[in-house]
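Asks: Supplied structure: work.cif, mmCIF, C-alpha atoms.
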```
data_target
#
loop_
_atom_site.label_atom_id
_atom_site.label_comp_id
_atom_site.auth_asym_id
_atom_site.auth_seq_id
_atom_site.Cartn_x
_atom_site.Cartn_y
_atom_site.Cartn_z
CA MET M 1 -144.62 -84.46 -60.08
CA LEU M 2 -145.54 -86.81 -62.93
CA HIS M 3 -147.99 -89.51 -61.83
CA ILE M 4 -147.91 -92.72 -63.90
CA ILE M 5 -150.79 -95.19 -64.26
CA LEU M 6 -150.25 -98.59 -65.90
CA CYS M 7 -152.99 -100.86 -67.24
CA ASP M 8 -152.38 -104.10 -69.12
CA ASP M 9 -154.50 -107.22 -68.82
CA ASN M 10 -151.31 -109.29 -68.57
CA PRO M 11 -149.78 -108.95 -65.07
CA ARG M 12 -146.34 -109.89 -66.41
CA HIS M 13 -146.44 -107.00 -68.86
CA ASN M 14 -147.26 -104.64 -65.99
CA GLN M 15 -144.35 -106.03 -63.99
CA THR M 16 -141.96 -105.62 -66.93
CA MET M 17 -143.01 -102.03 -67.58
CA THR M 18 -142.78 -101.20 -63.87
CA TYR M 19 -139.22 -102.53 -63.86
CA HIS M 20 -138.30 -100.47 -66.93
CA LEU M 21 -139.84 -97.31 -65.49
CA GLU M 22 -137.95 -97.77 -62.23
CA GLN M 23 -134.72 -97.81 -64.27
CA ILE M 24 -135.76 -94.73 -66.25
CA MET M 25 -137.20 -92.44 -63.57
CA PRO M 26 -133.92 -91.47 -61.83
CA ARG M 27 -132.66 -90.08 -65.19
CA LEU M 28 -135.65 -87.80 -65.76
CA THR M 29 -135.81 -84.08 -65.01
CA MET M 30 -139.22 -84.28 -63.34
CA PRO M 31 -139.98 -86.33 -60.21
CA CYS M 32 -142.14 -89.35 -61.10
CA ALA M 33 -144.19 -91.88 -59.19
CA ILE M 34 -146.15 -94.95 -60.27
CA ASP M 35 -149.56 -94.36 -58.68
CA LEU M 36 -151.41 -97.41 -59.99
CA THR M 37 -150.59 -100.71 -61.68
CA THR M 38 -153.61 -102.78 -62.61
CA THR M 39 -155.11 -105.29 -65.03
CA ASP M 40 -158.60 -103.86 -64.51
CA PRO M 41 -159.55 -100.79 -66.61
CA ARG M 42 -162.31 -99.97 -64.13
CA GLU M 43 -159.63 -99.17 -61.55
CA VAL M 44 -158.07 -96.75 -64.06
CA ILE M 45 -161.43 -95.04 -64.57
CA ALA M 46 -161.95 -94.74 -60.80
CA HIS M 47 -158.48 -93.18 -60.53
CA ALA M 48 -159.26 -90.69 -63.32
CA LYS M 49 -162.42 -89.54 -61.52
CA GLN M 50 -160.39 -88.45 -58.48
CA GLN M 51 -158.74 -85.06 -57.95
CA HIS M 52 -154.97 -85.08 -58.51
CA ASP M 53 -152.13 -82.67 -57.88
CA GLY M 54 -149.49 -82.80 -60.59
CA ASP M 55 -149.50 -84.19 -64.11
CA LEU M 56 -150.82 -87.60 -65.19
CA VAL M 57 -149.65 -90.07 -67.82
CA TYR M 58 -151.64 -93.25 -68.54
CA LEU M 59 -149.89 -96.21 -70.19
CA LEU M 60 -152.73 -98.32 -71.57
CA ASP M 61 -152.98 -101.59 -73.42
CA LEU M 62 -155.57 -101.65 -76.21
CA GLU M 63 -156.90 -105.20 -76.16
CA MET M 64 -158.10 -106.21 -72.70
CA GLU M 65 -159.98 -109.23 -71.38
CA ASN M 66 -162.82 -107.00 -70.31
CA ASP M 67 -165.89 -105.29 -71.72
CA LEU M 68 -163.78 -102.12 -72.02
CA ASN M 69 -160.80 -101.67 -74.35
CA GLY M 70 -158.09 -99.02 -74.26
CA LEU M 71 -159.99 -96.64 -76.56
CA ASP M 72 -163.05 -96.83 -74.32
CA VAL M 73 -160.93 -96.09 -71.26
CA CYS M 74 -159.27 -93.16 -73.03
CA ALA M 75 -162.65 -91.58 -73.81
CA ILE M 76 -163.73 -91.83 -70.17
CA ILE M 77 -160.40 -90.48 -68.89
CA ARG M 78 -160.82 -87.47 -71.18
CA GLU M 79 -164.18 -86.69 -69.56
CA HIS M 80 -162.47 -86.22 -66.18
CA GLN M 81 -158.80 -85.44 -66.93
CA VAL M 82 -158.63 -83.22 -70.02
CA ARG M 83 -154.91 -82.55 -69.65
CA ALA M 84 -153.86 -86.15 -68.96
CA HIS M 85 -151.30 -87.68 -71.34
CA ILE M 86 -152.35 -91.05 -72.72
CA ILE M 87 -149.82 -93.45 -74.26
CA TYR M 88 -150.99 -96.71 -75.79
CA VAL M 89 -148.69 -99.72 -75.49
CA SER M 90 -149.88 -102.41 -77.88
CA ALA M 91 -148.79 -105.19 -80.22
CA TYR M 92 -151.48 -104.16 -82.73
CA ALA M 93 -149.96 -101.59 -85.09
CA GLU M 94 -153.19 -101.38 -87.10
CA TYR M 95 -154.74 -99.42 -84.21
CA ALA M 96 -152.17 -96.61 -84.35
CA MET M 97 -154.22 -94.29 -86.57
CA GLU M 98 -157.36 -94.79 -84.51
CA CYS M 99 -155.36 -94.00 -81.37
CA CYS M 100 -154.22 -90.73 -82.92
CA ARG M 101 -157.84 -89.84 -83.61
CA ALA M 102 -158.55 -90.54 -79.95
CA HIS M 103 -156.02 -87.80 -79.07
CA ALA M 104 -153.45 -90.14 -77.61
CA PHE M 105 -150.06 -88.58 -76.90
CA ASP M 106 -148.06 -91.52 -78.25
CA PHE M 107 -148.30 -95.13 -79.43
CA ILE M 108 -145.61 -97.63 -78.37
CA LEU M 109 -145.53 -100.85 -80.35
CA LYS M 110 -144.77 -104.07 -78.48
CA PRO M 111 -142.19 -105.40 -78.14
CA TYR M 112 -140.58 -102.09 -77.19
CA THR M 113 -137.11 -101.13 -75.99
CA THR M 114 -136.39 -99.35 -72.72
CA GLN M 115 -135.04 -96.44 -74.77
CA ARG M 116 -138.33 -96.15 -76.68
CA LEU M 117 -140.26 -96.01 -73.42
CA GLU M 118 -137.84 -93.46 -71.96
CA ASN M 119 -138.14 -91.25 -75.04
CA ALA M 120 -141.94 -91.34 -74.75
CA ILE M 121 -141.86 -90.28 -71.09
CA ARG M 122 -139.28 -87.59 -71.87
CA ASP M 123 -141.58 -86.29 -74.61
CA VAL M 124 -144.42 -86.02 -72.09
CA ILE M 125 -142.20 -84.09 -69.67
CA LEU M 126 -140.98 -81.82 -72.46
CA HIS M 127 -144.57 -81.09 -73.51
CA ILE M 128 -145.53 -80.28 -69.90
CA GLU M 129 -142.55 -77.95 -69.52
CA ARG M 130 -143.23 -76.26 -72.85
CA THR M 131 -146.78 -75.43 -71.83
CA ARG M 132 -145.87 -74.05 -68.42
CA SER M 133 -146.39 -70.30 -68.23
CA VAL M 134 -142.85 -69.70 -66.93
CA TYR M 135 -139.80 -71.90 -66.37
CA PRO M 136 -137.77 -69.43 -64.26
CA LEU M 137 -134.06 -68.67 -64.26
CA SER M 138 -132.99 -66.02 -61.75
CA VAL M 139 -129.93 -63.96 -62.81
CA THR M 140 -128.31 -60.82 -61.41
CA ALA M 141 -126.69 -58.00 -63.40
CA GLY M 142 -125.18 -55.45 -61.04
CA THR M 143 -127.90 -54.59 -58.54
CA VAL M 144 -130.71 -55.84 -60.77
CA THR M 145 -132.09 -59.37 -60.39
CA GLN M 146 -134.10 -60.58 -63.36
CA VAL M 147 -136.20 -63.73 -63.70
CA LEU M 148 -135.86 -65.09 -67.23
CA ASP M 149 -138.13 -67.71 -68.76
CA GLN M 150 -135.88 -70.56 -69.91
CA LYS M 151 -138.18 -71.58 -72.74
CA GLU M 152 -137.77 -68.07 -74.23
CA ILE M 153 -133.94 -68.42 -74.35
CA ARG M 154 -132.80 -69.46 -77.83
CA TYR M 155 -129.09 -69.71 -77.04
CA LEU M 156 -126.44 -68.51 -74.59
CA GLN M 157 -123.04 -67.05 -75.46
CA VAL M 158 -120.13 -66.30 -73.16
CA GLU M 159 -117.50 -63.59 -73.68
CA ARG M 160 -114.84 -63.37 -71.00
CA GLU M 161 -116.73 -63.61 -67.67
CA TYR M 162 -120.12 -62.49 -69.03
CA VAL M 163 -122.95 -64.60 -70.44
CA THR M 164 -125.61 -63.26 -72.81
CA ALA M 165 -129.01 -64.87 -73.21
CA HIS M 166 -130.36 -64.42 -76.73
CA MET M 167 -134.11 -64.51 -76.21
CA ASN M 168 -137.22 -64.18 -78.33
CA GLY M 169 -137.72 -60.67 -76.94
CA GLY M 170 -134.12 -59.43 -76.95
CA VAL M 171 -130.92 -60.08 -75.01
CA PHE M 172 -129.87 -60.00 -71.37
CA THR M 173 -126.26 -60.05 -70.11
CA TRP M 174 -124.91 -60.81 -66.66
CA ARG M 175 -121.71 -62.00 -65.02
CA GLU M 176 -121.50 -65.78 -64.73
CA SER M 177 -119.55 -68.65 -66.26
CA LEU M 178 -121.28 -71.12 -68.54
CA THR M 179 -119.91 -73.96 -66.41
CA HIS M 180 -121.65 -72.52 -63.35
CA LEU M 181 -124.85 -71.68 -65.28
CA LEU M 182 -125.51 -75.01 -67.04
CA PRO M 183 -126.46 -76.99 -63.88
CA ARG M 184 -129.18 -74.37 -63.26
CA LEU M 185 -130.74 -74.94 -66.68
CA ASN M 186 -133.18 -77.59 -67.84
CA PRO M 187 -130.85 -80.38 -69.08
CA ASP M 188 -133.46 -81.70 -71.53
CA TRP M 189 -133.48 -78.31 -73.26
CA PHE M 190 -129.97 -76.91 -73.11
CA VAL M 191 -126.88 -78.49 -74.60
CA ARG M 192 -123.38 -77.06 -74.84
CA ILE M 193 -122.10 -76.84 -78.42
CA HIS M 194 -118.64 -75.45 -77.60
CA LYS M 195 -116.83 -73.87 -74.65
CA SER M 196 -118.55 -70.50 -75.02
CA CYS M 197 -122.03 -71.39 -76.30
CA ALA M 198 -125.09 -73.47 -75.36
CA ILE M 199 -128.32 -73.80 -77.32
CA ASN M 200 -131.92 -74.55 -76.46
CA ARG M 201 -133.08 -77.72 -78.23
CA LEU M 202 -136.57 -76.27 -78.55
CA TYR M 203 -135.24 -73.97 -81.28
CA ILE M 204 -133.12 -76.42 -83.32
CA GLN M 205 -134.21 -76.55 -86.94
CA SER M 206 -131.43 -78.75 -88.31
CA VAL M 207 -127.87 -79.91 -87.69
CA ASP M 208 -125.22 -80.09 -90.42
CA GLN M 209 -122.71 -82.65 -89.18
CA LYS M 210 -120.37 -82.16 -92.12
CA ALA M 211 -120.11 -78.39 -91.63
CA HIS M 212 -120.31 -78.74 -87.82
CA GLU M 213 -123.15 -76.23 -87.67
CA VAL M 214 -126.54 -76.02 -86.00
CA ILE M 215 -129.30 -73.95 -87.59
CA LEU M 216 -131.90 -72.54 -85.24
CA LYS M 217 -135.47 -71.67 -86.15
CA GLY M 218 -135.33 -68.18 -87.59
CA GLY M 219 -132.05 -68.80 -89.41
CA THR M 220 -129.33 -68.29 -86.77
CA VAL M 221 -126.32 -70.49 -87.61
CA LEU M 222 -123.89 -71.51 -84.84
CA ASN M 223 -120.70 -73.54 -84.95
CA VAL M 224 -120.53 -76.84 -83.06
CA SER M 225 -117.29 -78.39 -81.82
CA ARG M 226 -116.41 -81.80 -83.26
CA ARG M 227 -116.33 -83.26 -79.76
CA LEU M 228 -119.88 -82.15 -78.92
CA ILE M 229 -121.69 -82.73 -82.23
CA LYS M 230 -123.02 -86.12 -81.07
CA GLU M 231 -124.59 -84.50 -78.00
CA VAL M 232 -126.54 -82.14 -80.24
CA VAL M 233 -127.99 -84.80 -82.54
CA SER M 234 -128.62 -87.43 -79.86
CA PRO M 235 -132.29 -88.57 -79.99
CA GLY M 236 -132.20 -89.65 -76.36
CA GLU M 237 -131.94 -86.08 -75.08
CA GLY M 238 -134.64 -83.48 -75.10
CA GLY M 239 -137.26 -85.85 -76.43
CA GLU M 240 -136.89 -84.80 -80.07
CA THR M 241 -134.51 -85.62 -82.88
CA PRO M 242 -133.45 -82.59 -84.92
CA GLN M 243 -133.21 -82.79 -88.70
CA VAL M 244 -129.65 -83.99 -89.35
CA LYS M 245 -127.58 -83.50 -92.46
CA ALA M 246 -124.73 -86.00 -92.91
#
```
Would you give me this structure, written as structure tokens?
Replies:
Amino acid sequence: MLHIILCDDNPRHNQTMTYHLEQIMPRLTMPCAIDLTTTDPREVIAHAKQQHDGDLVYLLDLEMENDLNGLDVCAIIREHQVRAHIIYVSAYAEYAMECCRAHAFDFILKPYTTQRLENAIRDVILHIERTRSVYPLSVTAGTVTQVLDQKEIRYLQVEREYVTAHMNGGVFTWRESLTHLLPRLNPDWFVRIHKSCAINRLYIQSVDQKAHEVILKGGTVLNVSRRLIKEVVSPGEGGETPQVKA
């Protein structure tokens, strides 16, 4: 569960962001809840001092009508929630570098689009999933059931009724269709590139749209169907935009 905390000294800005998040959350791969919406940074600090199950993301304004600003709040949050993800939402672009030095996860410049906010939240989820010890996928080959770690799968290829996972540590093959397998995979990571192959976005190095090819980290080159090329380069999926060659 991803727990979201909003703090802006303008109540209307909080209302607008709450509305946008409510539109975004059903599309995300991790359950989310808005735990706190406030104009008072002291309420945010009190929340940070509590014990929490799940992951936290704080969406903070920088300039507040208070003796504390967003950078001050960030420093206090870090004392109690080392792993919390902090995103600044501000109209003051000149603060962006200072926010980076404060170890913020992202900086969203006002006015923002709903897509920009969604991409930021997706990036948080992707980072959380990347740092999990295991993201399991249970598969059965004959009488052997194996639990694979999805983040270790570079790409999947199907030949006849068998699928092979090409992983960092080798390959594993079992009987299953790609159509049946894809709903069991993390949709922010895996994308189908043609009828018999799907790739893990975590390993995309670049995409050559002219040649209809995707190059994975390590040099593997795979063909992409014309129909699916837009799915591969879409910045709204997976939280990252691969390097694209026109």
Asks: Taking into account all atoms listed in the file, which residue in the set M:Lys217, M:Arg42, M:His3, M:Arg201 is nearest to Ile86 (chain M)?
Replies: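 Closest candidate: M:His3.
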Asks: At what distance in Å, to one decimal, does CA of Val224 (chain M) lie from CA of Ile199 (chain M)?
Replies: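 Here the two named atoms are 10.1 Å from each other.
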Asks: Quick one: residues within 6 Å of region 64-81 of chain M, all atoms listed in the file, excluding same-chain residues fewer than 2 positions away - as a count of residues only?
Replies: 7
Asks: For the file shown, what are the residues hit by the PyMOL selection byres ((chain M and resi 157) around 6), laid out as an NGL selection string?
Replies: :M and (156 or 158 or 163-164 or 196-197)
Asks: Measuring between only C-alpha atoms, which one of M:Thr114, M:Asn200, M:Thr29, M:Gln50 shows the shortest distance to Met17 (chain M)?
Replies: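 Using only C-alpha atoms, the shortest distance to Met17 (chain M) belongs to M:Thr114.
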Asks: For region 69-78 of chain M, take all atoms listed in the file, fit an axis-aligned box around them, add 6 Å to each of the six sides, then output centre and edge lengths in Å rounded to one decimal, as AutoDock Vina command-line options.
Replies:
```
--center_x -160.9 --center_y -94.6 --center_z -72.7 --size_x 17.6 --size_y 26.2 --size_z 19.7
```
Asks: Would you mind listing what lies within 9 Å of Val57 (chain M) as a PDB file with C-alpha atoms, in the frame of the given file, with all atoms listed in the file counted and same-chain residues fewer than 5 positions away left out?
Replies:
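New file out19.pdb:
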```pdb
ATOM      1  CA  LEU M   2    -145.540 -86.810 -62.930  1.00  0.00           C
ATOM      2  CA  HIS M   3    -147.990 -89.510 -61.830  1.00  0.00           C
ATOM      3  CA  ILE M   4    -147.910 -92.720 -63.900  1.00  0.00           C
ATOM      4  CA  ILE M   5    -150.790 -95.190 -64.260  1.00  0.00           C
ATOM      5  CA  LEU M   6    -150.250 -98.590 -65.900  1.00  0.00           C
ATOM      6  CA  ALA M  84    -153.860 -86.150 -68.960  1.00  0.00           C
ATOM      7  CA  HIS M  85    -151.300 -87.680 -71.340  1.00  0.00           C
ATOM      8  CA  ILE M  86    -152.350 -91.050 -72.720  1.00  0.00           C
ATOM      9  CA  ILE M  87    -149.820 -93.450 -74.260  1.00  0.00           C
ATOM     10  CA  ILE M 121    -141.860 -90.280 -71.090  1.00  0.00           C
ATOM     11  CA  VAL M 124    -144.420 -86.020 -72.090  1.00  0.00           C
TER      12      VAL M 124
END
```
Asks: Mind telling me what the PyMOL selection byres ((chain M and resi 20) around 12) catches here, as a ChimeraX atom specification?
Replies: /M:13-19,21-27,34,112-118,121
Asks: When you count all atoms listed in the file, which of these residues is closest to His194 (chain M): M:Ala46, M:Leu222, M:Ile128, M:Met1?
Replies: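 Ranking M:Ala46, M:Leu222, M:Ile128, M:Met1 by distance to His194 (chain M), first place goes to M:Leu222.
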Asks: Rank nothing, just name the residue among M:Tyr88, M:Asn186, M:Asp106, M:Arg160 nearest to Pro136 (chain M), using only C-alpha atoms.
Replies: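 Checking each of M:Tyr88, M:Asn186, M:Asp106, M:Arg160 against Pro136 (chain M), counting only C-alpha atoms, the winner is M:Asn186.
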Asks: Which one is closest to Ile125 (chain M): M:Val221, M:Leu56, M:Ala211, M:Ala198? Count only C-alpha atoms.
Replies: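 The answer is M:Leu56, which sits nearest to Ile125 (chain M).
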